[in-house]
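Below you'll find the structure, written out as structure tokens, and then a few comments.
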Amino acid sequence: MEKPWKCADCGKRYKYPSELEAHRRSHSGERPFTCSQCGKGFTQLSSLQTHQRVHTWERLFTCSQCGKGFTQSSSLQRHQRVHTGERPFTCSQCGKGFTQSSSLQTHQRVHTGERPFTCSQCGKGFTRLSSLQTHQRVHTGERPFTCSQCGVGFTRLSSLQTHQRVHTGERPFTCSQCEKRFSLSSQLLRHQQVHE
């Protein structure tokens, strides 16, 4: 079937105007459908309805290999590639393979330089919507990830996880030359200059 409805921002085409309208929200960041349980917003009503299964623990599709449950059959199919190693979506520029077409599309922005998600405050561009949303916390001051030990807040989950090593004493980065251990990869890199 023909796809006459084209996105002015990225050129992606759709069969129906309603599909294009829902897609445009990915560029604007608008999420009019909100979960009453957790406040998470969605661009489409169907996405909200699927999300709500997370709260009811409704997992209709189960992986026969590991028993993991999914709310959608498409999610199960994508997950099964973890077990098969299948990467059916390949970048024509560099040959890198991906388990999802959306991951390939995002990756291709590395080659094209396209940054379709732009911060309305400072104009900085991003290849992913999630990166823009994380960046916007710089302007809002929001720090949703809080350390349960000391109460310090972070804009990213990964920053909180790194910080928690202060409390746990975990040092996952080991020098191959002298076996000295570090809590941050940057500390290891600095240390390795000693051996040069």
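Residues in the structure tokens are numbered from 1 in each chain, the chains being A, B, ... in the order shown, and ligands are numbered from 1 in the order shown.
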request  = Name the residues in contact with Val166 in chain A at a cut-off of 12 Å, using only C-alpha atoms, excluding same-chain residues fewer than 5 positions from it; report them as a ChimeraX atom specification.
outcome  = /A:147,149-150,152,159-161,171,182-184
Output file for the residues above (N, CA, C and O atoms, as a PDB file, in the first residue's frame):
ATOM      1  N   CYS A 147      20.288   8.462  45.566  1.00  0.00           N
ATOM      2  CA  CYS A 147      21.013   7.452  46.339  1.00  0.00           C
ATOM      3  C   CYS A 147      20.283   7.201  47.661  1.00  0.00           C
ATOM      4  O   CYS A 147      20.055   8.134  48.434  1.00  0.00           O
ATOM      5  N   GLN A 149      21.412   5.735  50.192  1.00  0.00           N
ATOM      6  CA  GLN A 149      22.342   5.813  51.323  1.00  0.00           C
ATOM      7  C   GLN A 149      22.560   7.248  51.810  1.00  0.00           C
ATOM      8  O   GLN A 149      22.565   7.508  52.999  1.00  0.00           O
ATOM      9  N   CYS A 150      22.763   8.173  50.855  1.00  0.00           N
ATOM     10  CA  CYS A 150      23.129   9.537  51.259  1.00  0.00           C
ATOM     11  C   CYS A 150      22.206  10.621  50.709  1.00  0.00           C
ATOM     12  O   CYS A 150      22.367  11.793  51.051  1.00  0.00           O
ATOM     13  N   VAL A 152      21.932  11.879  47.668  1.00  0.00           N
ATOM     14  CA  VAL A 152      22.404  12.673  46.529  1.00  0.00           C
ATOM     15  C   VAL A 152      21.598  12.281  45.289  1.00  0.00           C
ATOM     16  O   VAL A 152      21.339  11.093  45.061  1.00  0.00           O
ATOM     17  N   SER A 159      24.766   7.290  36.349  1.00  0.00           N
ATOM     18  CA  SER A 159      25.547   8.120  37.282  1.00  0.00           C
ATOM     19  C   SER A 159      25.295   7.696  38.715  1.00  0.00           C
ATOM     20  O   SER A 159      26.218   7.655  39.535  1.00  0.00           O
ATOM     21  N   LEU A 160      24.043   7.362  39.033  1.00  0.00           N
ATOM     22  CA  LEU A 160      23.721   6.870  40.379  1.00  0.00           C
ATOM     23  C   LEU A 160      24.443   5.555  40.639  1.00  0.00           C
ATOM     24  O   LEU A 160      25.048   5.367  41.710  1.00  0.00           O
ATOM     25  N   GLN A 161      24.409   4.650  39.654  1.00  0.00           N
ATOM     26  CA  GLN A 161      25.052   3.342  39.823  1.00  0.00           C
ATOM     27  C   GLN A 161      26.562   3.487  40.048  1.00  0.00           C
ATOM     28  O   GLN A 161      27.149   2.805  40.892  1.00  0.00           O
ATOM     29  N   ARG A 171      35.105  -2.081  43.050  1.00  0.00           N
ATOM     30  CA  ARG A 171      36.144  -1.569  42.156  1.00  0.00           C
ATOM     31  C   ARG A 171      36.238  -2.515  40.951  1.00  0.00           C
ATOM     32  O   ARG A 171      37.095  -3.398  40.918  1.00  0.00           O
ATOM     33  N   PHE A 182      40.051  -0.158  40.475  1.00  0.00           N
ATOM     34  CA  PHE A 182      39.495   1.195  40.515  1.00  0.00           C
ATOM     35  C   PHE A 182      37.967   1.152  40.389  1.00  0.00           C
ATOM     36  O   PHE A 182      37.413   0.253  39.772  1.00  0.00           O
ATOM     37  N   SER A 183      37.321   2.162  40.955  1.00  0.00           N
ATOM     38  CA  SER A 183      35.859   2.222  40.885  1.00  0.00           C
ATOM     39  C   SER A 183      35.378   2.878  39.587  1.00  0.00           C
ATOM     40  O   SER A 183      34.244   2.671  39.173  1.00  0.00           O
ATOM     41  N   LEU A 184      36.237   3.655  38.918  1.00  0.00           N
ATOM     42  CA  LEU A 184      35.876   4.332  37.674  1.00  0.00           C
ATOM     43  C   LEU A 184      36.846   3.962  36.555  1.00  0.00           C
ATOM     44  O   LEU A 184      38.052   3.838  36.797  1.00  0.00           O
TER      45      LEU A 184
END
key: All residues 10 Å or closer to range 83-100 of chain A, only C-alpha atoms, same chain fewer than 6 positions away omitted, as a VMD selection string   = chain A and resid 63 65 to 66 77 107 to 108 111
Please dump the current selection as a JSON list (two decimals), in the first residue's frame; keep C-alpha atoms.
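This is the output file out-v3.json:
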[["chain", "number", "residue", "atom", "x", "y", "z"],
["A", 63, "CYS", "CA", 10.21, -17.12, 26.02],
["A", 65, "GLN", "CA", 14.32, -20.64, 26.35],
["A", 66, "CYS", "CA", 14.54, -18.60, 29.55],
["A", 77, "GLN", "CA", 10.36, -12.04, 18.94],
["A", 107, "HIS", "CA", 22.87, 3.97, 14.47],
["A", 108, "GLN", "CA", 22.82, 5.34, 10.91],
["A", 111, "HIS", "CA", 27.15, 8.24, 9.56]]
inquiry  = Residues within 12 Å of Thr174 in chain A, please, as a VMD selection string. Count only C-alpha atoms; anything in the same chain fewer than 4 positions from it doesn't count.
reply    = chain A and resid 170 178 to 189 191 to 192
key: Arg143 in chain A environment, 10 Å, only C-alpha atoms, sequence neighbours closer than 5 positions dropped, as a count of residues only   = 9
inquiry  = Among range 3-137 of chain A, which ones does DSSP assign to alpha helix (DSSP H) (computed from the backbone)? Answer as a ChimeraX atom specification.
reply    = /A:17-28,45-51,53-56,73-84,101-112,129-135,137
query = Do you know which residues are at most 8 Å from Lys15 in chain A counting only C-alpha atoms, after dropping those on the same chain fewer than 4 positions away, and could you put them as a count of residues only?
reply = 6
inquiry  = Quick one: residues within 12 Å of Ser28 in chain A, only C-alpha atoms, excluding same-chain residues fewer than 6 positions away - as a list in words?
reply    =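 So the residues in contact are Asp9, Glu21, Ala22, Thr43, Pro116, Phe117, Thr118, Cys119, Ser120, Leu129, Leu132 and Gln133 of chain A.
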Produce a file of the selected residues containing N, CA and C atoms, as a PDB file, in the first residue's frame.
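And here's result23.pdb as it stands now:
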ATOM      1  N   ASP A   9       9.989  16.546   9.199  1.00  0.00           N
ATOM      2  CA  ASP A   9      11.241  16.586   9.971  1.00  0.00           C
ATOM      3  C   ASP A   9      12.248  15.539   9.522  1.00  0.00           C
ATOM      4  N   GLU A  21       0.582  11.759  12.565  1.00  0.00           N
ATOM      5  CA  GLU A  21       0.364  12.620  13.738  1.00  0.00           C
ATOM      6  C   GLU A  21       1.025  12.031  14.979  1.00  0.00           C
ATOM      7  N   ALA A  22       0.849  10.724  15.179  1.00  0.00           N
ATOM      8  CA  ALA A  22       1.473  10.056  16.333  1.00  0.00           C
ATOM      9  C   ALA A  22       2.997  10.118  16.226  1.00  0.00           C
ATOM     10  N   THR A  43       3.016   8.685  23.283  1.00  0.00           N
ATOM     11  CA  THR A  43       2.559   9.416  22.106  1.00  0.00           C
ATOM     12  C   THR A  43       1.268   8.828  21.539  1.00  0.00           C
ATOM     13  N   PRO A 116      17.892  14.672  14.985  1.00  0.00           N
ATOM     14  CA  PRO A 116      16.525  15.180  14.825  1.00  0.00           C
ATOM     15  C   PRO A 116      15.843  15.669  16.104  1.00  0.00           C
ATOM     16  N   PHE A 117      16.443  15.412  17.261  1.00  0.00           N
ATOM     17  CA  PHE A 117      15.818  15.819  18.522  1.00  0.00           C
ATOM     18  C   PHE A 117      16.594  17.002  19.097  1.00  0.00           C
ATOM     19  N   THR A 118      15.958  18.165  19.102  1.00  0.00           N
ATOM     20  CA  THR A 118      16.638  19.412  19.457  1.00  0.00           C
ATOM     21  C   THR A 118      16.078  20.000  20.746  1.00  0.00           C
ATOM     22  N   CYS A 119      16.986  20.447  21.608  1.00  0.00           N
ATOM     23  CA  CYS A 119      16.593  21.086  22.867  1.00  0.00           C
ATOM     24  C   CYS A 119      16.067  22.493  22.574  1.00  0.00           C
ATOM     25  N   SER A 120      14.846  22.761  23.026  1.00  0.00           N
ATOM     26  CA  SER A 120      14.230  24.068  22.777  1.00  0.00           C
ATOM     27  C   SER A 120      14.890  25.171  23.605  1.00  0.00           C
ATOM     28  N   LEU A 129      15.633  10.469  21.201  1.00  0.00           N
ATOM     29  CA  LEU A 129      14.709  11.227  22.050  1.00  0.00           C
ATOM     30  C   LEU A 129      15.089  11.074  23.519  1.00  0.00           C
ATOM     31  N   LEU A 132      17.782  13.452  24.495  1.00  0.00           N
ATOM     32  CA  LEU A 132      17.257  14.804  24.657  1.00  0.00           C
ATOM     33  C   LEU A 132      16.571  14.943  26.015  1.00  0.00           C
ATOM     34  N   GLN A 133      15.749  13.955  26.363  1.00  0.00           N
ATOM     35  CA  GLN A 133      15.020  14.013  27.634  1.00  0.00           C
ATOM     36  C   GLN A 133      15.977  14.037  28.826  1.00  0.00           C
TER      37      GLN A 133
END
query = Counting only C-alpha atoms, which of A:Ser26, A:His55, A:Tyr14, A:Leu76 gets nearest to Gly39 in chain A?
reply =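 Of A:Ser26, A:His55, A:Tyr14, A:Leu76, the one nearest Gly39 in chain A is A:His55, counting only C-alpha atoms.
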request  = Calculate how many Å separate CA of Glu30 in chain A from CA of Ser73 in chain A, rounding to one decimal.
outcome  =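 Here the two named atoms are 26.5 Å from each other.
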message = Just checking: using only C-alpha atoms, which residue out of A:Gln37, A:Ser131, A:Gln80, A:Gln193 ends up closest to Gln177 in chain A?
response = A:Gln193
message = I want to know what sits within 6 Å of Arg115 in chain A, based on only C-alpha atoms, with residues of the same chain fewer than 5 positions away left out; could you give that as number ranges by chain?
response = A: 125-127
inquiry  = I need the residues of chain A that end up classed as strand (DSSP E) by DSSP on the backbone, written out as a list in words.
reply    = Trp5, Lys6, Arg13, Tyr14, Phe33, Thr34, Gly41, Phe42, Phe61, Thr62, Gly69, Phe70, Phe89, Thr90, Gly97, Phe98, Phe117, Thr118, Gly125, Phe126, Phe145, Thr146, Gly153, Phe154, Phe173, Thr174, Arg181 and Phe182 of chain A
query = Which one is closest to Gln52 in chain A: A:Pro17, A:Cys38, A:Ala8, A:Gly141? Count only C-alpha atoms.
reply =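 Using only C-alpha atoms, Gln52 in chain A sits closest to A:Cys38.
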key: Interatomic distance (Å, one decimal) between CA of Pro32 in chain A and CA of Leu60 in chain A   =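 Here the two named atoms are 26.3 Å from each other.
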